file data_26.tsv (TSV, C-alpha atoms)
chain	number	residue	atom	x	y	z
A	24	MET	CA	215.99	237.12	58.66
A	25	SER	CA	213.84	239.82	57.08
A	26	ASP	CA	211.75	242.27	59.12
A	27	LEU	CA	208.63	240.65	57.61
A	28	ALA	CA	209.70	237.19	58.77
A	29	THR	CA	210.49	238.56	62.23
A	30	THR	CA	207.09	240.25	62.38
A	31	GLU	CA	205.27	237.10	61.32
A	32	ASP	CA	207.19	235.05	63.89
A	33	LEU	CA	206.29	237.44	66.71
A	34	ASP	CA	202.65	237.49	65.59
A	35	ALA	CA	202.55	233.70	65.72
A	36	ARG	CA	204.21	233.56	69.14
A	37	LEU	CA	201.75	236.05	70.60
A	38	GLU	CA	198.69	234.46	69.00
A	39	LYS	CA	199.52	231.10	70.60
A	40	HIS	CA	198.47	232.61	73.93
A	41	ARG	CA	195.34	234.50	72.83
A	42	THR	CA	192.74	231.93	73.92
A	43	GLU	CA	194.13	231.31	77.40
A	44	LEU	CA	194.63	235.06	77.94
A	45	THR	CA	191.02	235.67	76.91
A	46	GLY	CA	189.91	233.09	79.47
A	47	TYR	CA	191.98	234.83	82.15
A	48	CYS	CA	190.63	238.27	81.27
A	49	TYR	CA	187.06	236.93	81.10
A	50	ARG	CA	187.34	235.58	84.64
A	51	MET	CA	188.76	238.93	85.75
A	52	LEU	CA	186.21	241.14	83.98
A	53	GLY	CA	183.06	239.03	83.63
A	54	SER	CA	182.51	240.28	80.07
A	55	ALA	CA	183.27	238.43	76.86
A	56	PHE	CA	183.65	241.66	74.88
A	57	GLU	CA	185.77	243.43	77.51
A	58	ALA	CA	187.97	240.34	77.76
A	59	GLU	CA	188.65	240.41	74.01
A	60	ASP	CA	189.36	244.15	74.20
A	61	ALA	CA	191.76	243.55	77.10
A	62	VAL	CA	193.62	240.83	75.21
A	63	GLN	CA	193.87	243.00	72.11
A	64	ASP	CA	195.29	245.82	74.26
A	65	THR	CA	197.71	243.29	75.78
A	66	MET	CA	198.93	242.23	72.33
A	67	VAL	CA	199.39	245.83	71.22
A	68	ARG	CA	201.37	246.67	74.37
A	69	ALA	CA	203.48	243.54	73.93
A	70	TRP	CA	204.21	244.51	70.33
A	71	ARG	CA	205.21	248.04	71.24
A	72	SER	CA	207.49	247.02	74.09
A	73	PHE	CA	208.86	243.73	72.78
A	74	ASP	CA	212.31	245.24	72.29
A	75	LYS	CA	212.37	245.76	76.09
A	76	PHE	CA	211.48	242.14	76.80
A	77	GLU	CA	214.76	240.70	77.96
A	78	GLY	CA	213.65	237.12	78.44
A	79	ARG	CA	214.07	237.20	82.21
A	80	SER	CA	210.70	235.43	82.35
A	81	SER	CA	208.88	233.35	79.79
A	82	LEU	CA	206.91	235.12	77.06
A	83	ARG	CA	203.75	233.61	78.58
A	84	SER	CA	204.47	235.06	82.03
A	85	TRP	CA	205.28	238.45	80.50
A	86	LEU	CA	201.97	238.47	78.60
A	87	TYR	CA	200.06	237.57	81.78
A	88	ARG	CA	201.76	240.47	83.56
A	89	ILE	CA	200.61	242.86	80.83
A	90	ALA	CA	197.10	241.37	80.75
A	91	THR	CA	196.81	241.66	84.53
A	92	ASN	CA	197.76	245.33	84.42
A	93	VAL	CA	195.25	245.95	81.61
A	94	CYS	CA	192.47	244.26	83.61
A	95	LEU	CA	193.36	246.09	86.83
A	96	ASP	CA	193.23	249.40	84.95
A	97	MET	CA	189.79	248.48	83.57
A	98	LEU	CA	188.53	247.40	86.98
A	99	ASN	CA	189.68	250.65	88.61
A	100	ALA	CA	186.60	252.21	87.04
A	101	GLY	CA	184.66	250.31	89.71
A	102	ASN	CA	182.45	248.29	87.39
A	103	ARG	CA	181.51	244.89	88.83
A	104	ARG	CA	179.52	242.51	86.67
A	105	ALA	CA	176.64	240.69	88.34
A	106	ARG	CA	173.79	238.28	87.79
A	107	PRO	CA	170.22	239.35	88.62
A	108	MET	CA	170.33	237.13	91.72
A	109	ASP	CA	173.34	239.13	93.01
A	110	LEU	CA	171.33	242.36	93.04
A	111	SER	CA	167.96	241.51	94.58
A	112	GLU	CA	165.80	238.85	96.13
A	113	ALA	CA	163.73	236.53	93.98
A	114	THR	CA	160.36	237.97	92.95
A	115	PRO	CA	157.11	236.00	93.24
A	116	VAL	CA	155.56	235.65	89.80
A	117	SER	CA	152.47	237.55	91.00
A	118	GLN	CA	154.65	240.64	91.57
A	119	ALA	CA	156.97	240.22	88.58
A	120	LYS	CA	157.88	243.37	86.64
A	121	LEU	CA	160.45	243.81	83.87
A	122	ASN	CA	162.95	246.52	84.78
A	123	SER	CA	165.92	246.86	82.45
A	124	ARG	CA	169.41	247.79	83.67
A	125	PRO	CA	172.39	249.01	81.59
A	126	GLU	CA	174.45	246.43	79.71
A	127	VAL	CA	177.54	247.17	81.85
A	128	THR	CA	175.68	245.78	84.87
A	129	TRP	CA	175.53	242.20	83.72
A	130	LEU	CA	177.83	239.23	83.82
A	131	GLU	CA	178.07	238.08	80.22
A	132	PRO	CA	178.08	234.59	78.70
A	133	VAL	CA	181.04	233.44	76.62
A	134	PRO	CA	181.56	230.72	73.98
A	135	ASP	CA	183.79	227.92	75.23
A	136	GLY	CA	186.01	228.14	72.17
A	137	ARG	CA	186.96	231.76	72.91
A	138	VAL	CA	188.30	231.06	76.39
A	139	LEU	CA	189.19	227.35	76.72
A	140	PRO	CA	192.54	226.40	75.20
A	141	SER	CA	193.00	222.87	73.90
A	142	VAL	CA	194.70	220.81	76.61
A	143	VAL	CA	195.43	217.11	76.79
A	144	ASP	CA	195.05	216.58	80.54
A	145	PRO	CA	191.36	215.77	81.36
A	146	ALA	CA	191.78	217.07	84.92
A	147	GLU	CA	193.10	220.38	83.63
A	148	THR	CA	190.22	220.58	81.15
A	149	ALA	CA	187.73	220.00	83.98
A	150	VAL	CA	189.21	222.85	86.03
A	151	GLU	CA	189.14	225.18	83.03
A	152	ARG	CA	185.45	224.44	82.41
A	153	GLU	CA	184.47	224.60	86.06
A	154	THR	CA	186.02	228.05	86.45
A	155	ILE	CA	184.20	229.73	83.56
A	156	ARG	CA	180.77	228.71	84.86
A	157	LEU	CA	178.45	231.67	85.36
A	158	ALA	CA	178.15	231.05	89.10
A	159	PHE	CA	181.93	230.86	89.60
A	160	VAL	CA	182.70	233.95	87.52
A	161	ALA	CA	179.92	235.80	89.37
A	162	ALA	CA	181.54	234.82	92.67
A	163	LEU	CA	184.90	236.14	91.44
A	164	GLN	CA	183.29	239.55	90.90
A	165	HIS	CA	182.86	239.89	94.68
A	166	LEU	CA	186.66	239.97	95.11
A	167	PRO	CA	188.82	243.10	95.00
A	168	PRO	CA	190.72	243.12	91.68
A	169	LYS	CA	194.12	242.02	93.01
A	170	GLN	CA	192.61	239.23	95.11
A	171	ARG	CA	190.74	238.15	91.99
A	172	ALA	CA	193.99	237.98	90.03
A	173	VAL	CA	195.73	236.03	92.81
A	174	LEU	CA	192.93	233.48	93.10
A	175	ILE	CA	192.75	232.89	89.34
A	176	LEU	CA	196.50	232.61	88.92
A	177	ARG	CA	196.99	230.33	91.92
A	178	GLU	CA	193.82	228.20	91.95
A	179	VAL	CA	192.83	228.08	88.27
A	180	LEU	CA	196.12	228.37	86.43
A	181	ALA	CA	198.22	226.67	89.16
A	182	TRP	CA	200.95	229.29	89.30
A	183	LYS	CA	203.39	229.15	92.22
A	184	ALA	CA	203.09	231.83	94.90
A	185	SER	CA	206.55	233.09	93.95
A	186	GLU	CA	205.51	233.45	90.30
A	187	VAL	CA	202.40	235.41	91.24
A	188	ALA	CA	204.42	237.61	93.59
A	189	GLU	CA	206.84	238.41	90.78
A	190	LEU	CA	203.99	239.17	88.37
A	191	LEU	CA	202.24	241.50	90.83
A	192	GLU	CA	205.54	242.94	92.11
A	193	THR	CA	204.76	242.01	95.69
A	194	THR	CA	205.86	239.44	98.29
A	195	VAL	CA	205.00	235.77	98.63
A	196	ALA	CA	203.51	236.55	102.05
A	197	SER	CA	201.18	239.13	100.48
A	198	VAL	CA	200.13	236.68	97.79
A	199	ASN	CA	199.36	233.97	100.35
A	200	SER	CA	197.40	236.43	102.48
A	201	ALA	CA	195.39	237.63	99.48
A	202	LEU	CA	194.67	234.03	98.46
A	203	GLN	CA	193.43	233.18	101.96
A	204	ARG	CA	191.07	236.17	101.99
A	205	ALA	CA	189.86	235.41	98.47
A	206	ARG	CA	189.13	231.78	99.35
A	207	ALA	CA	187.10	232.90	102.38
A	208	THR	CA	185.01	235.29	100.27
A	209	ILE	CA	184.36	232.67	97.60
A	210	ALA	CA	183.34	230.17	100.29
A	211	GLU	CA	180.77	232.68	101.61
A	212	SER	CA	179.19	233.10	98.18
A	213	GLU	CA	179.15	229.30	97.68
A	214	PRO	CA	178.85	229.13	93.88
A	215	SER	CA	176.69	226.11	93.13
A	216	ALA	CA	178.12	223.11	91.34
A	217	THR	CA	177.04	222.74	87.71
A	218	ASP	CA	177.44	219.74	85.47
A	219	ALA	CA	179.84	220.39	82.59
A	220	SER	CA	178.87	220.25	78.93
A	221	ASP	CA	181.78	218.14	77.71
A	222	PRO	CA	181.32	215.33	77.67
A	223	LEU	CA	177.65	214.94	78.51
A	224	ASP	CA	176.74	211.54	79.93
A	225	GLU	CA	173.66	209.67	78.74
A	226	GLU	CA	171.53	210.90	81.64
A	227	GLN	CA	172.39	214.53	80.90
A	228	LYS	CA	171.73	214.06	77.18
A	229	GLU	CA	168.33	212.55	77.95
A	230	LEU	CA	167.52	215.39	80.37
A	231	LEU	CA	168.31	218.02	77.73
A	232	GLU	CA	166.35	216.16	75.04
A	233	ARG	CA	163.35	216.08	77.37
A	234	TYR	CA	163.85	219.78	78.14
A	235	VAL	CA	163.83	220.68	74.44
A	236	ALA	CA	160.72	218.57	73.85
A	237	ALA	CA	158.93	220.13	76.83
A	238	PHE	CA	159.91	223.70	75.94
A	239	GLU	CA	159.15	223.44	72.23
A	240	GLY	CA	155.90	221.64	72.98
A	241	TYR	CA	155.15	224.11	75.78
A	242	ASP	CA	154.31	221.18	78.04
A	243	MET	CA	154.51	222.72	81.51
A	244	LYS	CA	153.84	219.45	83.32
A	245	ALA	CA	156.79	217.83	81.55
A	246	LEU	CA	158.94	220.91	82.15
A	247	THR	CA	158.13	220.94	85.88
A	248	ALA	CA	159.33	217.34	86.16
A	249	LEU	CA	162.77	218.41	84.87
A	250	LEU	CA	163.26	221.43	87.13
A	251	HIS	CA	164.80	221.38	90.59
A	252	GLU	CA	162.32	222.70	93.16
A	253	ASP	CA	164.64	225.71	93.71
A	254	ALA	CA	165.47	226.24	90.02
A	255	THR	CA	165.98	229.85	88.92
A	256	LEU	CA	165.04	231.78	85.80
A	257	SER	CA	166.77	235.05	84.91
A	258	MET	CA	166.55	237.27	81.82
A	259	PRO	CA	169.26	239.96	81.55
A	260	PRO	CA	169.07	242.87	80.76
A	261	TYR	CA	166.03	242.68	83.08
A	262	ASP	CA	166.78	242.49	86.79
A	263	LEU	CA	163.81	240.21	87.46
A	264	TRP	CA	164.56	236.65	88.50
A	265	LEU	CA	162.29	233.86	89.69
A	266	ARG	CA	162.91	230.89	91.97
A	267	GLY	CA	161.01	227.60	92.06
A	268	HIS	CA	159.22	225.69	89.34
A	269	GLU	CA	155.82	227.07	90.32
A	270	ASN	CA	156.99	230.66	89.73
A	271	ILE	CA	158.84	229.71	86.52
A	272	VAL	CA	155.82	227.90	85.09
A	273	GLY	CA	153.56	230.73	86.23
A	274	TRP	CA	155.74	233.17	84.31
A	275	MET	CA	155.79	231.03	81.19
A	276	LEU	CA	152.00	230.73	81.21
A	277	GLY	CA	151.67	234.48	81.74
A	278	VAL	CA	154.04	237.06	80.24
A	279	GLY	CA	156.24	234.27	78.92
A	280	GLU	CA	153.38	232.84	76.87
A	281	VAL	CA	154.91	234.66	73.88
A	282	CYS	CA	157.53	231.87	73.83
A	283	ARG	CA	154.99	229.24	72.86
A	284	GLY	CA	155.98	227.64	69.57
A	285	SER	CA	159.68	228.49	69.91
A	286	ARG	CA	162.63	226.40	68.69
A	287	LEU	CA	165.87	225.60	70.55
A	288	VAL	CA	169.22	225.00	68.81
A	289	PRO	CA	171.96	223.44	70.99
A	290	THR	CA	175.26	225.20	71.66
A	291	VAL	CA	177.60	225.54	74.66
A	292	ALA	CA	178.46	228.52	76.86
A	293	ASN	CA	180.53	228.89	80.01
A	294	GLY	CA	181.39	225.20	80.03
A	295	THR	CA	177.73	224.20	80.29
A	296	PRO	CA	174.93	223.26	77.88
A	297	ALA	CA	173.16	226.16	76.18
A	298	PHE	CA	170.55	226.79	73.51
A	299	ALA	CA	169.88	229.45	70.93
A	300	HIS	CA	166.22	230.25	71.55
A	301	TYR	CA	164.34	231.25	68.40
A	302	HIS	CA	160.89	232.83	68.60
A	303	PRO	CA	158.18	232.49	65.94
A	304	SER	CA	158.70	235.36	63.48
A	305	PRO	CA	156.08	238.13	63.65
A	306	ASP	CA	155.52	237.74	59.90
A	307	GLY	CA	154.77	234.05	60.38
A	308	ASP	CA	157.73	232.99	58.24
A	309	GLY	CA	160.26	230.99	60.25
A	310	TYR	CA	161.93	231.94	63.52
A	311	THR	CA	164.01	234.88	64.75
A	312	PRO	CA	166.49	235.15	67.67
A	313	TRP	CA	164.96	235.59	71.11
A	314	ALA	CA	167.58	234.61	73.71
A	315	LEU	CA	170.80	232.76	74.43
A	316	MET	CA	169.70	230.25	77.06
A	317	VAL	CA	172.49	228.96	79.34
A	318	ILE	CA	171.41	225.89	81.30
A	319	GLU	CA	172.70	224.80	84.70
A	320	ILE	CA	172.28	221.16	85.71
A	321	GLU	CA	172.90	219.51	89.05
A	322	GLU	CA	172.20	215.93	90.09
A	323	GLY	CA	169.89	215.15	87.21
A	324	ARG	CA	167.74	218.28	87.41
A	325	ILE	CA	167.86	221.70	85.80
A	326	THR	CA	168.78	224.25	88.45
A	327	GLY	CA	169.16	227.38	86.33
A	328	ILE	CA	167.79	228.84	83.10
A	329	ASN	CA	169.76	231.98	82.21
A	330	SER	CA	168.20	233.67	79.20
A	331	PHE	CA	170.34	236.48	77.80
A	332	LEU	CA	167.99	238.52	75.65
A	333	ASP	CA	170.35	240.87	73.81
A	334	THR	CA	170.58	238.60	70.79
A	335	GLU	CA	172.18	241.24	68.57
A	336	ARG	CA	175.26	240.84	70.78
A	337	TRP	CA	175.16	237.16	71.60
A	338	PHE	CA	174.14	235.38	68.40
A	339	PRO	CA	177.03	236.75	66.28
A	340	LEU	CA	179.49	236.05	69.10
A	341	PHE	CA	178.33	232.42	69.22
A	342	ASP	CA	178.20	232.10	65.40
A	343	LEU	CA	174.48	231.36	65.56
A	344	PRO	CA	172.22	231.78	62.53
A	345	ALA	CA	170.22	235.00	62.31
A	346	ARG	CA	167.05	233.16	61.26
A	347	LEU	CA	165.55	229.69	61.07
A	348	GLU	CA	163.22	228.43	58.37
A	349	LYS	CA	159.77	227.06	59.24
A	350	ASP	CA	161.19	223.53	59.43
A	351	GLY	CA	163.85	224.67	61.91
A	352	ARG	CA	166.74	224.67	59.42
A	353	GLN	CA	169.12	227.62	59.25
A	354	ALA	CA	167.90	230.16	56.71
A	355	GLY	CA	169.77	229.71	53.43
A	356	ALA	CA	171.04	226.24	54.41
call {"tool": "encode", "arguments": {"input": "data_26.tsv", "output": "structure tokens"}}
result
Amino acid sequence: MSDLATTEDLDARLEKHRTELTGYCYRMLGSAFEAEDAVQDTMVRAWRSFDKFEGRSSLRSWLYRIATNVCLDMLNAGNRRARPMDLSEATPVSQAKLNSRPEVTWLEPVPDGRVLPSVVDPAETAVERETIRLAFVAALQHLPPKQRAVLILREVLAWKASEVAELLETTVASVNSALQRARATIAESEPSATDASDPLDEEQKELLERYVAAFEGYDMKALTALLHEDATLSMPPYDLWLRGHENIVGWMLGVGEVCRGSRLVPTVANGTPAFAHYHPSPDGDGYTPWALMVIEIEEGRITGINSFLDTERWFPLFDLPARLEKDGRQAGA
């Protein structure tokens, strides 16, 4: 076999694992971009040291070992991603101020297709989606890096304790102890349950259709009817967040009034429904990106509106159009 054929074969073997490794690194790091960087570093390291891979473990296990070490190195810098609600108490709308924090502060959204491998088992698919939810990934960020790795490998990916011990070069007893501590910490943070985006049932579809109609029509009475009484609104990179439909509606009729006349285009993020939020263009011609809006739903009500405002980062990542025409169609379509 030629060197070219060997190279192409190795490329293909490594690429088979890219999506699931990106999902693992995203859960570890809380950043879509850092996760892709970590996986790329993993692939480069695997390439450079493949001649030392002796097949004592599977290629998949070996790649996870490299990816774990890459993530642990990145996390040694001490950066922990967070949501606004992890950093402060909710602010009454009457006291609301927009204070921006650096990009490295924030837990980032991620497109499902970048981190969810295609699997046949519906139960496995459900676990994969549940564990990329914003609330769950935010809860993971409270764990020390090695506990985080243990919890993800054992609880999400269903590795055996002995396999995790071998990967981390430690004992089964240490793995079990780390898992117990990690479970206790996650239980304390109690990440809320969120309805998944795939597949949406008829009730969820109707709820989202009503939400789009209320938001685009700027009908605050209709919007209030869709929100849980303790619903939250956050807007990274600002650290402000609001709780309760009265505060959310108060914001939207105050500073948020600039969103009147907007358009929402459906997408998915973090295993949940999401929308590309387009704002009326200042020149009056069509609509321009305003936010990636990740929606959390529980028991037939919207419990969270997470509007990520750095659209120059998020819209290209989600393959969203850079502009909409006046009739709501993608520009140039």
call {"tool": "residues_around", "arguments": {"input": "data_26.tsv", "residues": "region 52-58 of chain A", "least_positions_apart": "3", "cutoff": "9 Å", "atoms": "all atoms listed in the file", "output": "JSON, numbers by chain"}}
result
{"A": [44, 45, 46, 47, 48, 49, 61, 62, 63, 94, 97, 98, 102, 103, 104, 105, 127, 129, 130, 131, 132, 133, 134, 137, 138, 157, 160, 161, 163, 164, 340]}
call {"tool": "residues_around", "arguments": {"input": "data_26.tsv", "residues": "Pro125 (chain A)", "least_positions_apart": "3", "cutoff": "10 Å", "atoms": "only C-alpha atoms", "output": "number ranges by chain"}}
result
A: 128-129, 259-261
call {"tool": "atom_distance", "arguments": {"input": "data_26.tsv", "atom1": "CA of Ala113 (chain A)", "atom2": "CA of Met316 (chain A)"}}
result
19.0 Å
call {"tool": "residues_near_point", "arguments": {"input": "data_26.tsv", "point": "(170.9, 228.4, 79.2)", "cutoff": "6 Å", "atoms": "all atoms listed in the file", "output": "PyMOL selection string"}}
result
chain A and resi 297-298+316-318+328-330
call {"tool": "atom_distance", "arguments": {"input": "data_26.tsv", "atom1": "CA of His40 (chain A)", "atom2": "CA of Ala188 (chain A)"}}
result
21.1 Å
call {"tool": "closest_residue", "arguments": {"input": "data_26.tsv", "among": "A:Leu121, A:Met258, A:Val198, A:Leu139", "to": "Asn293 (chain A)", "atoms": "all atoms listed in the file"}}
result
A:Leu139
call {"tool": "closest_residue", "arguments": {"input": "data_26.tsv", "among": "A:Glu239, A:Glu252, A:Glu151, A:Glu335", "to": "Ile175 (chain A)", "atoms": "only C-alpha atoms"}}
result
A:Glu151
call {"tool": "closest_residue", "arguments": {"input": "data_26.tsv", "among": "A:Arg83, A:Val235, A:Ala35, A:Val116", "to": "Arg266 (chain A)", "atoms": "all atoms listed in the file"}}
result
A:Val116
call {"tool": "residues_around", "arguments": {"input": "data_26.tsv", "residues": "region 226-234 of chain A", "least_positions_apart": "3", "cutoff": "12 Å", "atoms": "only C-alpha atoms", "output": "PyMOL selection string"}}
result
chain A and resi 217-223+237-250+286-290+295-298+317-325+328
call {"tool": "atom_distance", "arguments": {"input": "data_26.tsv", "atom1": "CA of Leu166 (chain A)", "atom2": "CA of Glu213 (chain A)"}}
result
13.3 Å
call {"tool": "residues_around", "arguments": {"input": "data_26.tsv", "residues": "Trp182 (chain A)", "least_positions_apart": "5", "cutoff": "12 Å", "atoms": "all atoms listed in the file", "output": "CSV table (one decimal) with C-alpha atoms, in the frame of the given file"}}
result
chain,number,residue,atom,x,y,z
A,83,ARG,CA,203.8,233.6,78.6
A,84,SER,CA,204.5,235.1,82.0
A,87,TYR,CA,200.1,237.6,81.8
A,172,ALA,CA,194.0,238.0,90.0
A,173,VAL,CA,195.7,236.0,92.8
A,174,LEU,CA,192.9,233.5,93.1
A,175,ILE,CA,192.8,232.9,89.3
A,176,LEU,CA,196.5,232.6,88.9
A,177,ARG,CA,197.0,230.3,91.9
A,187,VAL,CA,202.4,235.4,91.2
A,188,ALA,CA,204.4,237.6,93.6
A,189,GLU,CA,206.8,238.4,90.8
A,190,LEU,CA,204.0,239.2,88.4
A,198,VAL,CA,200.1,236.7,97.8
call {"tool": "axis_aligned_box", "arguments": {"input": "data_26.tsv", "around": "region 310-329 of chain A", "padding_each_side": "6 Å", "output": "AutoDock Vina command-line options"}}
result
--center_x 167.4 --center_y 225.4 --center_z 76.8 --size_x 23.0 --size_y 32.4 --size_z 38.6
